[in-house]
Amino acid sequence: MAMFDLPIDQLRLYRPELVEPDDFDAFWRATLSAAAQHDPAPEYTPYDALLPRVHVHDVRFSGYGGERVAGWFLTPADVAGPLPCVVQFIGYGGGRGRPHEWLLWPSAGYAVLVMDSRGQGDGDTCDLPGSNTPQHSGLLTRGVLDPEQYYYRRLFTDAVQAVDVAAAHPDVDATRIIVAGASQGGGIAQAVAGLHARVRAALIDVPFLTHFRRATEINDAHPYQELADICATNRDRIEQVFETLGYFDGVHFAARATAPALYSVALMDAVCPPSTVFAAYNHYAGPKELRIWPYNGHDGGATFQPPIQLRWLRDLLAA
């Protein structure tokens with residue numbers, strides 16, 4: 001994939017006008033207020049992952065609608081708390097995976113809470129009550145004609161609850177909560193940074209769920225193609241689709257986020273086009289830095305990004 005989006009000098013200045021619903025803030029206040037009526041009631045069950053240097057727990061807590069959300073909670077066995085905690089979100093179609101996949105943070109002295117994505121992965125967390133059948137694609141359009149019913153209303157609410165669950169754990173320093181993720185996970189982290197005042201820092205890599213209309217207009221790769229497909233088959237409801245998406249657009253959350261953020265973008269990313277990332281980054285209201293990967297696609301910085309994040313967090317949290 002060659003560079004297909006705007007030239008880099010234009011990307012650095014790309015800051016589209018915010019076109020958001022008038023009741024954006026009221027919608028999210030009401031959503032999160034309703035969620036707060038449910039006690040997260042986290043349950044931590046020790047899990048033998050054959051990793052003696054790491055304490056591993058299977059986590060279950062109440063998210064949107066009081067529905068139980070699965071996760072992993074890992075802490076280093078030889079580091080005393082309270083610890084900074086990374087709340088980790090997952091890419092589209094994926095789930096919480098296995099504990100050994102999340103050793104980076106405990107090996108660096110952090111706690112990590114890995115949140116499962118409802119209806120995705122291996123079905124540990126269901127989206128529709130009464131069903132634990134996972135779904136790999138199609139979730140981007142589930143309920144997209146109504147913001148009250150849209151899938152990401154539920155998933156973003158789960159993510160906000162996950163921050164509260166992490167902050168309440170006795171091994172966690174509630175003043176040092178970091179949200180992190182790539183692709184869909186980056187989009188979730190970006191949303192939570194705009195919704196939750198407790199977030200101390202955000203690691204937002206090649207974020208999905210951002211600047212939806214432009215993404216569908218210049219990009220024919222999945223998952224954004226799901227939105228183009230539903231617009232193609234519902235020709236008379238295109239504006240209704242984008243009215244709903246206005247409540248979930250990462251650009252709007254970025255404009256409300258104040259925690260320091262480290263972004264990354266790849267200039268050959270055909271999945272999450274670079275202009276969509278720059279749109280959010282340039283609107284981000286808090287302190288921010290951006291790592292640009294000129295010759296990479298949706299893998300972004302891959303294994304080169306974590307050392308940059310570790311150094312950035314070390315300096316930020318020590319300040």
# chains A, B, ... in the order shown; residues from 1 in each chain; ligands from 1
>>> select_by_dssp(residues="stretch 173-302 of chain A", states="strand (DSSP E)", output="list in words")
Asp173, Ala174, Thr175, Arg176, Ile177, Ile178, Val179, Ala180, Gly181, Ala182, Val199, Arg200, Ala201, Ala202, Leu203, Ile204, Asp205, Ala261, Leu262, Tyr263, Ser264, Val265, Ala266, Lys288, Glu289, Leu290, Arg291, Ile292 and Trp293 of chain A
>>> residues_around(residues="stretch 184-190 of chain A", least_positions_apart="2", cutoff="8 Å", atoms="only C-alpha atoms", output="number ranges by chain")
A: 88-92, 156, 159, 179-182, 192-194, 202-210, 250, 253-254, 257
>>> write_last_selection(atoms="N, CA and C atoms", output="mmCIF file, in the first residue's frame")
data_model
loop_
_atom_site.group_PDB
_atom_site.id
_atom_site.type_symbol
_atom_site.label_atom_id
_atom_site.label_comp_id
_atom_site.auth_asym_id
_atom_site.auth_seq_id
_atom_site.Cartn_x
_atom_site.Cartn_y
_atom_site.Cartn_z
ATOM 1 N N GLN A 88 -6.471 -1.853 29.334
ATOM 2 C CA GLN A 88 -6.158 -2.196 27.956
ATOM 3 C C GLN A 88 -7.418 -2.601 27.201
ATOM 4 N N PHE A 89 -7.602 -1.978 26.018
ATOM 5 C CA PHE A 89 -8.744 -2.288 25.170
ATOM 6 C C PHE A 89 -8.272 -2.980 23.889
ATOM 7 N N ILE A 90 -9.190 -3.699 23.245
ATOM 8 C CA ILE A 90 -8.843 -4.683 22.225
ATOM 9 C C ILE A 90 -9.286 -4.236 20.832
ATOM 10 N N GLY A 91 -8.571 -4.705 19.808
ATOM 11 C CA GLY A 91 -8.917 -4.418 18.424
ATOM 12 C C GLY A 91 -10.180 -5.123 17.967
ATOM 13 N N TYR A 92 -10.733 -4.663 16.863
ATOM 14 C CA TYR A 92 -12.016 -5.142 16.339
ATOM 15 C C TYR A 92 -11.973 -6.633 16.040
ATOM 16 N N PHE A 156 -18.491 1.388 24.941
ATOM 17 C CA PHE A 156 -17.821 2.525 25.578
ATOM 18 C C PHE A 156 -18.207 2.621 27.056
ATOM 19 N N ALA A 159 -16.222 0.265 29.013
ATOM 20 C CA ALA A 159 -14.846 0.744 29.159
ATOM 21 C C ALA A 159 -14.721 1.783 30.264
ATOM 22 N N VAL A 179 -5.222 4.563 29.979
ATOM 23 C CA VAL A 179 -6.031 3.807 29.027
ATOM 24 C C VAL A 179 -5.209 3.603 27.767
ATOM 25 N N ALA A 180 -5.342 2.418 27.159
ATOM 26 C CA ALA A 180 -4.464 2.079 26.046
ATOM 27 C C ALA A 180 -5.166 1.147 25.075
ATOM 28 N N GLY A 181 -4.763 1.225 23.818
ATOM 29 C CA GLY A 181 -5.266 0.298 22.820
ATOM 30 C C GLY A 181 -4.845 0.721 21.429
ATOM 31 N N ALA A 182 -4.996 -0.203 20.487
ATOM 32 C CA ALA A 182 -4.709 0.056 19.081
ATOM 33 C C ALA A 182 -5.939 -0.272 18.253
ATOM 34 N N VAL A 192 -12.760 6.966 26.129
ATOM 35 C CA VAL A 192 -12.733 6.989 27.593
ATOM 36 C C VAL A 192 -11.962 8.205 28.099
ATOM 37 N N ALA A 193 -10.898 8.580 27.387
ATOM 38 C CA ALA A 193 -10.146 9.774 27.782
ATOM 39 C C ALA A 193 -11.028 11.017 27.740
ATOM 40 N N GLY A 194 -12.010 11.020 26.834
ATOM 41 C CA GLY A 194 -12.925 12.148 26.754
ATOM 42 C C GLY A 194 -14.112 12.061 27.686
ATOM 43 N N ALA A 202 -3.228 8.561 28.199
ATOM 44 C CA ALA A 202 -3.849 7.743 27.155
ATOM 45 C C ALA A 202 -2.812 7.373 26.103
ATOM 46 N N LEU A 203 -2.779 6.082 25.756
ATOM 47 C CA LEU A 203 -1.938 5.569 24.683
ATOM 48 C C LEU A 203 -2.874 5.166 23.548
ATOM 49 N N ILE A 204 -2.871 5.948 22.486
ATOM 50 C CA ILE A 204 -3.877 5.809 21.424
ATOM 51 C C ILE A 204 -3.159 5.504 20.116
ATOM 52 N N ASP A 205 -3.206 4.250 19.710
ATOM 53 C CA ASP A 205 -2.494 3.815 18.507
ATOM 54 C C ASP A 205 -3.460 3.580 17.352
ATOM 55 N N VAL A 206 -3.127 4.153 16.202
ATOM 56 C CA VAL A 206 -3.889 4.009 14.947
ATOM 57 C C VAL A 206 -5.390 3.851 15.216
ATOM 58 N N PRO A 207 -6.034 4.843 15.832
ATOM 59 C CA PRO A 207 -7.395 4.651 16.328
ATOM 60 C C PRO A 207 -8.454 4.490 15.241
ATOM 61 N N PHE A 208 -9.299 3.519 15.458
ATOM 62 C CA PHE A 208 -10.514 3.258 14.687
ATOM 63 C C PHE A 208 -11.636 4.098 15.310
ATOM 64 N N LEU A 209 -12.825 4.106 14.683
ATOM 65 C CA LEU A 209 -14.010 4.777 15.233
ATOM 66 C C LEU A 209 -13.813 6.290 15.285
ATOM 67 N N THR A 210 -13.192 6.820 14.254
ATOM 68 C CA THR A 210 -12.760 8.223 14.260
ATOM 69 C C THR A 210 -12.985 8.857 12.887
ATOM 70 N N GLY A 250 -14.651 9.578 17.410
ATOM 71 C CA GLY A 250 -13.477 9.848 18.223
ATOM 72 C C GLY A 250 -13.012 11.290 18.197
ATOM 73 N N PHE A 253 -14.758 13.016 21.058
ATOM 74 C CA PHE A 253 -14.199 12.669 22.365
ATOM 75 C C PHE A 253 -12.831 13.328 22.555
ATOM 76 N N ALA A 254 -12.021 13.344 21.501
ATOM 77 C CA ALA A 254 -10.691 13.952 21.593
ATOM 78 C C ALA A 254 -10.790 15.422 21.992
ATOM 79 N N ALA A 257 -11.002 15.605 25.786
ATOM 80 C CA ALA A 257 -10.019 14.897 26.606
ATOM 81 C C ALA A 257 -8.913 15.844 27.052
#
>>> select_by_dssp(residues="stretch 41-254 of chain A", states="alpha helix (DSSP H)", output="number ranges by chain")
A: 104-107, 151-168, 184-195, 212-218, 224-233, 238-245, 250-254
>>> closest_residue(among="A:Pro223, A:Pro52, A:Gly63, A:Gly109", to="A:Ser137", atoms="only C-alpha atoms")
A:Pro223
>>> atom_distance(atom1="atom CA of A:Ser117", atom2="atom CA of A:Ile177")
19.3 Å
>>> closest_residue(among="A:Val54, A:Leu317, A:Ala35, A:Ala232", to="A:Asp158", atoms="only C-alpha atoms")
A:Ala35
